[in-house]
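Structure first, commentary second.
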Amino acid sequence: MSAATERAPCGLPRIGLGTAVQGPLPDPVRRAVLRAMQLGYRHFDTAAHYATEGPIGEAAAEAVHTGVVSRGELFVTSKVWCADAHPDRVLPALRRTLSNLQMEYVDLYMVHWPVTMKAGRFTAPFTAEDFEPFDMRGVWEAMEECHRLGLARAIGVCNFSCRKLEALLSFATVPPAVNQVEINPVWQQRKLREFCNGKGIQLCAYSPLGAKGTHWGSDSVMDSGVLHEIARAKGKTVAQVCLRWVYEQGDCLIVKSFDEARMRENLDIVGWELTEKERQRISKIPQRKINQGRRYITEHGQYKSLEELWDGEI
């Protein structure tokens with residue numbers, strides 16, 4: 001079984017292709033996603049905020065039409081953006097997502113951030129006036145309605161701390177299946193993983209390579225001396241060592257490359273493993289959160305500091 005087709009207990013494929021690309025043109029995204037399907041990828045991660053739902057839908061329709069895959073083999077995830085994180089806007093937002101995807105349902109629909117903005121605020125920069133209080137209960141009840149209607153086969157969250165998950169679980173009728181968060185050797189999320197494992201919530205890692213090259217990413221993962229030494233010893237790339245480490249934690253992971261050679265390389269994380277000594281070395285890498293969400297911090301808003309946004313888990 002390949003990493004692309006292996007599934008976590010919640011049904012989420014262990015590895016997926018991310019589409020949060022900067023300034024994408026629709027056709028390159030469509031071509032890359034179609035090629036990924038031909039290479040064996042089945043899990044595709046998008047969001048309203050990424051503006052890549054349309055080309056993913058086109059690629060999926062073409063792949064189904066030509067017999068590359070069936071819709072049932074695909075696992076498509078999307079996310080409700082902060083400007084639609086209002087109780088009365090979640091369901092309409094999902095209907096727009098489904099129209100973009102040309103699909104009757106998504107396999108997983110997630111709350112993108114525990115943040116609410118005024119309707120219509122999709123493009124940065126954001127100002128203090130753009131933010132409104134996040135109605136967790138109201139938004140989650142709307143997510144549960146999406147699930148009840150069969151428009152989302154599963155529902156989940158992104159960027160939730162242990163404390164926020166605990167609050168959500170205190171009233172949720174349908175608990176979140178997944179919490180998608182930053183996970184990599186430089187931000188290992190030990191506390192959150194222990195909490196989620198105890199509650200039956202699957203962790204899914206974004207930026208497993210540190211998002212080097214993005215406006216908010218860091219080279220601290222890919223330039224790690226420890227990871228380079230391990231990669232040389234194993235005859236693997238640093239990226240493969242990082243992805244294998246995440247995989248061995250039991251997490252699902254989102255990789256993001258439209259280069260075919262790297263798409264293939266990112267799937268080559270099974271059939272070998274890290275040694276206990278190598279795992280110990282990685283466990284001692286100094287920890288630093290890369291995607292801190294600073295743009296959601298405002299002096300007069302709900303979150304006045306990073307400590308408040310992440311409930312001290314930073």
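Ordered as shown in the structure tokens, chains take letters A, B, and onward, while each chain numbers its residues from 1 and ligands are numbered from 1 in the order shown.
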
Margin query: I'd like the contact shell of Gly72 in chain A - 12 Å cut-off, only C-alpha atoms, skipping same-chain residues fewer than 2 positions apart - returned as a PyMOL selection string.
Written below: chain A and resi 11+42-43+60+64+68-70+74-76+103-107+153

Would you mind exporting the chosen residues as a PDB file, in the first residue's frame, restricted to C-alpha atoms?
ATOM      1  CA  GLY A  11     -10.787   7.719   6.534  1.00  0.00           C
ATOM      2  CA  ARG A  42      -6.178  10.665  -3.856  1.00  0.00           C
ATOM      3  CA  HIS A  43      -6.324  13.318  -1.116  1.00  0.00           C
ATOM      4  CA  ALA A  60     -11.365  15.696 -10.854  1.00  0.00           C
ATOM      5  CA  VAL A  64     -13.336  10.626 -13.494  1.00  0.00           C
ATOM      6  CA  VAL A  68      -8.258   7.557 -13.923  1.00  0.00           C
ATOM      7  CA  VAL A  69     -10.275   7.529 -10.689  1.00  0.00           C
ATOM      8  CA  SER A  70     -13.839   7.344  -9.455  1.00  0.00           C
ATOM      9  CA  LEU A  74     -10.985  10.775  -4.136  1.00  0.00           C
ATOM     10  CA  PHE A  75     -10.880  12.543  -0.786  1.00  0.00           C
ATOM     11  CA  VAL A  76     -11.426  16.263  -1.245  1.00  0.00           C
ATOM     12  CA  MET A 103     -19.232  18.069  -6.665  1.00  0.00           C
ATOM     13  CA  GLU A 104     -22.232  17.020  -4.617  1.00  0.00           C
ATOM     14  CA  TYR A 105     -20.229  16.743  -1.399  1.00  0.00           C
ATOM     15  CA  VAL A 106     -16.788  17.268   0.096  1.00  0.00           C
ATOM     16  CA  ASP A 107     -15.207  14.469   2.089  1.00  0.00           C
ATOM     17  CA  ARG A 153     -19.034  13.660   4.829  1.00  0.00           C
TER      18      ARG A 153
END

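Pairwise distance (CA of Ile282 in chain A, CA of Glu182 in chain A) equals 16.5 Å.
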
Next item on the list: Please identify all polymer residues within 10 Å of Gly210 in chain A, counting only C-alpha atoms, omitting same-chain residues fewer than 4 positions from it, and present them as a PyMOL selection string.
Entry: chain A and resi 182-187+206+214+216-223+239+242+289-291

Can you build me a table of range 159-196 of chain A residues sitting at most 8 Å from range 131-152 of chain A, with the closest atom pair per residue and its distance in Å to one decimal, using only C-alpha atoms, sorted by chain and residue number, as JSON lines?
{"residue": "A:Leu168", "atom": "CA", "partner": "A:Met136", "partner_atom": "CA", "distance": 7.2}
{"residue": "A:Phe171", "atom": "CA", "partner": "A:Arg137", "partner_atom": "CA", "distance": 7.4}
{"residue": "A:Ala172", "atom": "CA", "partner": "A:Trp140", "partner_atom": "CA", "distance": 7.3}
{"residue": "A:Thr173", "atom": "CA", "partner": "A:Glu144", "partner_atom": "CA", "distance": 7.6}
{"residue": "A:Val174", "atom": "CA", "partner": "A:Glu144", "partner_atom": "CA", "distance": 6.4}

I need the chosen residues saved as a PDB file, in the first residue's frame, with C-alpha atoms.
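Once everything was written out, this is result01.pdb:
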ATOM      1  CA  LEU A 168     -15.591  22.713  21.169  1.00  0.00           C
ATOM      2  CA  PHE A 171     -20.953  21.145  23.271  1.00  0.00           C
ATOM      3  CA  ALA A 172     -20.356  19.449  19.890  1.00  0.00           C
ATOM      4  CA  THR A 173     -22.922  16.873  18.804  1.00  0.00           C
ATOM      5  CA  VAL A 174     -20.608  15.799  15.967  1.00  0.00           C
TER       6      VAL A 174
END

Item checked: Pick from A:Glu308, A:Glu276, A:Glu313, A:Asp251, whichever lies nearest to Arg7 in chain A using only C-alpha atoms ->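 The closest residue to Arg7 in chain A is A:Asp251.
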
Notebook entry, point to check: What's the 10 Å shell around Gly312 in chain A, counting only C-alpha atoms, without same-chain residues fewer than 4 positions away, as a list in words?
Noted result: Ser161, Cys162, Arg163, Ser305, Leu306, Glu307 and Glu308 of chain A

Margin query: Write out as a ChimeraX atom specification the set of residues from range 61-139 of chain A that DSSP, computed on the backbone, places in strand (DSSP E or B).
Written below: /A:75-80,106,108-111,116-117,131-132

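Restricting the calculation to only C-alpha atoms, the smallest distance between Phe44 in chain A and any of A:Glu73, A:Glu194, A:Asp268, A:Glu166 is found for A:Glu73.
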
Note to self: Between CA of Lys199 in chain A and CA of Leu169 in chain A, what is the distance in Å, rounded to a tenth?
What the structure shows: 9.0 Å

Next item on the list: Could you give me, as a PyMOL selection string, each residue of range 12-125 of chain A that DSSP assigns to alpha helix (DSSP H) when run on this structure's backbone?
Entry: chain A and resi 26-39+53-65+90-101

Please write the residues from the selection above to a file, keeping N, CA and C atoms, as a short mmCIF file (atom, residue, chain, number, x, y, z; two decimals), in the first residue's frame.
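The file below, out_5.cif, is the result:
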data_model
loop_
_atom_site.label_atom_id
_atom_site.label_comp_id
_atom_site.auth_asym_id
_atom_site.auth_seq_id
_atom_site.Cartn_x
_atom_site.Cartn_y
_atom_site.Cartn_z
N PRO A 26 -5.17 29.22 -12.98
CA PRO A 26 -6.02 28.02 -12.91
C PRO A 26 -5.50 26.83 -13.69
N ASP A 27 -4.99 27.05 -14.92
CA ASP A 27 -4.61 25.90 -15.73
C ASP A 27 -3.41 25.14 -15.17
N PRO A 28 -2.35 25.81 -14.70
CA PRO A 28 -1.26 25.04 -14.07
C PRO A 28 -1.72 24.23 -12.87
N VAL A 29 -2.65 24.77 -12.07
CA VAL A 29 -3.18 24.01 -10.93
C VAL A 29 -3.94 22.79 -11.44
N ARG A 30 -4.80 23.00 -12.44
CA ARG A 30 -5.59 21.88 -12.99
C ARG A 30 -4.66 20.79 -13.52
N ARG A 31 -3.64 21.16 -14.28
CA ARG A 31 -2.73 20.17 -14.86
C ARG A 31 -1.98 19.42 -13.77
N ALA A 32 -1.51 20.15 -12.75
CA ALA A 32 -0.75 19.51 -11.68
C ALA A 32 -1.61 18.54 -10.89
N VAL A 33 -2.84 18.93 -10.60
CA VAL A 33 -3.73 18.06 -9.83
C VAL A 33 -4.09 16.81 -10.65
N LEU A 34 -4.35 17.00 -11.94
CA LEU A 34 -4.64 15.85 -12.79
C LEU A 34 -3.45 14.90 -12.84
N ARG A 35 -2.24 15.44 -12.96
CA ARG A 35 -1.05 14.58 -12.99
C ARG A 35 -0.88 13.87 -11.66
N ALA A 36 -1.16 14.56 -10.57
CA ALA A 36 -1.05 13.93 -9.25
C ALA A 36 -2.02 12.76 -9.14
N MET A 37 -3.22 12.92 -9.66
CA MET A 37 -4.18 11.81 -9.64
C MET A 37 -3.64 10.63 -10.44
N GLN A 38 -3.00 10.91 -11.57
CA GLN A 38 -2.43 9.84 -12.39
C GLN A 38 -1.27 9.14 -11.67
N LEU A 39 -0.57 9.90 -10.80
CA LEU A 39 0.56 9.33 -10.06
C LEU A 39 0.12 8.56 -8.82
N GLU A 53 -10.29 25.90 -5.76
CA GLU A 53 -11.37 24.91 -5.82
C GLU A 53 -11.78 24.62 -7.26
N GLY A 54 -11.88 25.67 -8.07
CA GLY A 54 -12.30 25.50 -9.46
C GLY A 54 -11.41 24.56 -10.26
N PRO A 55 -10.10 24.82 -10.31
CA PRO A 55 -9.22 23.92 -11.08
C PRO A 55 -9.15 22.50 -10.51
N ILE A 56 -9.31 22.35 -9.20
CA ILE A 56 -9.36 20.99 -8.64
C ILE A 56 -10.60 20.28 -9.14
N GLY A 57 -11.72 20.98 -9.15
CA GLY A 57 -12.95 20.38 -9.66
C GLY A 57 -12.84 19.99 -11.12
N GLU A 58 -12.19 20.84 -11.92
CA GLU A 58 -12.01 20.52 -13.34
C GLU A 58 -11.13 19.30 -13.52
N ALA A 59 -10.05 19.23 -12.74
CA ALA A 59 -9.14 18.08 -12.83
C ALA A 59 -9.86 16.80 -12.42
N ALA A 60 -10.64 16.88 -11.33
CA ALA A 60 -11.36 15.70 -10.85
C ALA A 60 -12.37 15.23 -11.89
N ALA A 61 -13.10 16.17 -12.49
CA ALA A 61 -14.09 15.80 -13.50
C ALA A 61 -13.42 15.11 -14.69
N GLU A 62 -12.27 15.65 -15.11
CA GLU A 62 -11.55 15.04 -16.22
C GLU A 62 -11.04 13.66 -15.86
N ALA A 63 -10.50 13.52 -14.63
CA ALA A 63 -9.96 12.23 -14.21
C ALA A 63 -11.06 11.17 -14.09
N VAL A 64 -12.21 11.56 -13.59
CA VAL A 64 -13.34 10.63 -13.49
C VAL A 64 -13.83 10.25 -14.89
N HIS A 65 -13.95 11.24 -15.76
CA HIS A 65 -14.45 11.01 -17.13
C HIS A 65 -13.53 10.07 -17.91
N VAL A 90 -22.02 29.82 6.91
CA VAL A 90 -21.25 28.60 6.69
C VAL A 90 -21.87 27.74 5.59
N LEU A 91 -23.15 27.47 5.68
CA LEU A 91 -23.80 26.61 4.67
C LEU A 91 -23.76 27.24 3.28
N PRO A 92 -24.10 28.53 3.12
CA PRO A 92 -23.96 29.13 1.79
C PRO A 92 -22.52 29.08 1.26
N ALA A 93 -21.54 29.22 2.16
CA ALA A 93 -20.14 29.14 1.74
C ALA A 93 -19.82 27.74 1.21
N LEU A 94 -20.31 26.71 1.89
CA LEU A 94 -20.07 25.34 1.42
C LEU A 94 -20.76 25.11 0.08
N ARG A 95 -21.94 25.65 -0.10
CA ARG A 95 -22.62 25.48 -1.39
C ARG A 95 -21.81 26.13 -2.51
N ARG A 96 -21.19 27.26 -2.26
CA ARG A 96 -20.32 27.89 -3.27
C ARG A 96 -19.11 27.01 -3.55
N THR A 97 -18.53 26.45 -2.49
CA THR A 97 -17.39 25.55 -2.65
C THR A 97 -17.77 24.35 -3.52
N LEU A 98 -18.93 23.77 -3.26
CA LEU A 98 -19.36 22.61 -4.04
C LEU A 98 -19.61 22.99 -5.50
N SER A 99 -20.13 24.19 -5.73
CA SER A 99 -20.32 24.66 -7.10
C SER A 99 -18.98 24.81 -7.79
N ASN A 100 -18.00 25.39 -7.08
CA ASN A 100 -16.65 25.53 -7.65
C ASN A 100 -16.04 24.18 -7.98
N LEU A 101 -16.23 23.21 -7.09
CA LEU A 101 -15.64 21.88 -7.26
C LEU A 101 -16.42 20.99 -8.23
#

Next item on the list: Quote the spacing between CA of Ala85 in chain A and CA of Thr116 in chain A in Å to one decimal place.
Entry: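 Separation of CA of Ala85 in chain A and CA of Thr116 in chain A: 5.4 Å.
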
Notebook entry, point to check: From the list A:Ser170, A:Asn159, A:Gln180, A:Gln249, which residue is nearest Leu309 in chain A when using only C-alpha atoms?
Noted result: A:Asn159

Next item on the list: Considering only C-alpha atoms, return as a ChimeraX atom specification whatever protein or nucleic-acid residues lie within 8 Å of Arg121 in chain A, sequence-local ones (same chain, fewer than 4 positions apart) excluded.
Entry: /A:83,117,126,130

Check: Counting only C-alpha atoms, what is within 9 Å of Val178 in chain A, bar same-chain residues fewer than 5 positions away, as a list in words?
Finding: Cys10, Leu12, Leu108, Met110, Ala154, Ile155, Gly156, Val157, Cys158, Cys196, Gly200, Ile201, Gln202, Leu203 and Cys204 of chain A

Writer output for current selection, C-alpha atoms, as a PDB file, in the first residue's frame:
ATOM      1  CA  CYS A  10     -11.085   8.469  10.262  1.00  0.00           C
ATOM      2  CA  LEU A  12      -8.389  10.550   5.707  1.00  0.00           C
ATOM      3  CA  LEU A 108     -14.058  16.877   4.803  1.00  0.00           C
ATOM      4  CA  MET A 110     -13.013  22.433   8.064  1.00  0.00           C
ATOM      5  CA  ALA A 154     -16.893  14.757   7.794  1.00  0.00           C
ATOM      6  CA  ILE A 155     -16.204  18.058   9.531  1.00  0.00           C
ATOM      7  CA  GLY A 156     -13.112  19.347  11.280  1.00  0.00           C
ATOM      8  CA  VAL A 157     -11.025  22.325  12.277  1.00  0.00           C
ATOM      9  CA  CYS A 158      -7.657  23.905  11.560  1.00  0.00           C
ATOM     10  CA  CYS A 196      -5.992  14.630  20.016  1.00  0.00           C
ATOM     11  CA  GLY A 200     -10.048  10.445  18.715  1.00  0.00           C
ATOM     12  CA  ILE A 201      -9.176  13.501  16.609  1.00  0.00           C
ATOM     13  CA  GLN A 202      -6.817  12.917  13.677  1.00  0.00           C
ATOM     14  CA  LEU A 203      -3.966  15.383  13.308  1.00  0.00           C
ATOM     15  CA  CYS A 204      -3.118  16.463   9.767  1.00  0.00           C
TER      16      CYS A 204
END

Item checked: Exercise: Arg295 in chain A partners within 9 Å, only C-alpha atoms, chain neighbours under 5 positions left out, as a ChimeraX atom specification -> /A:124-127
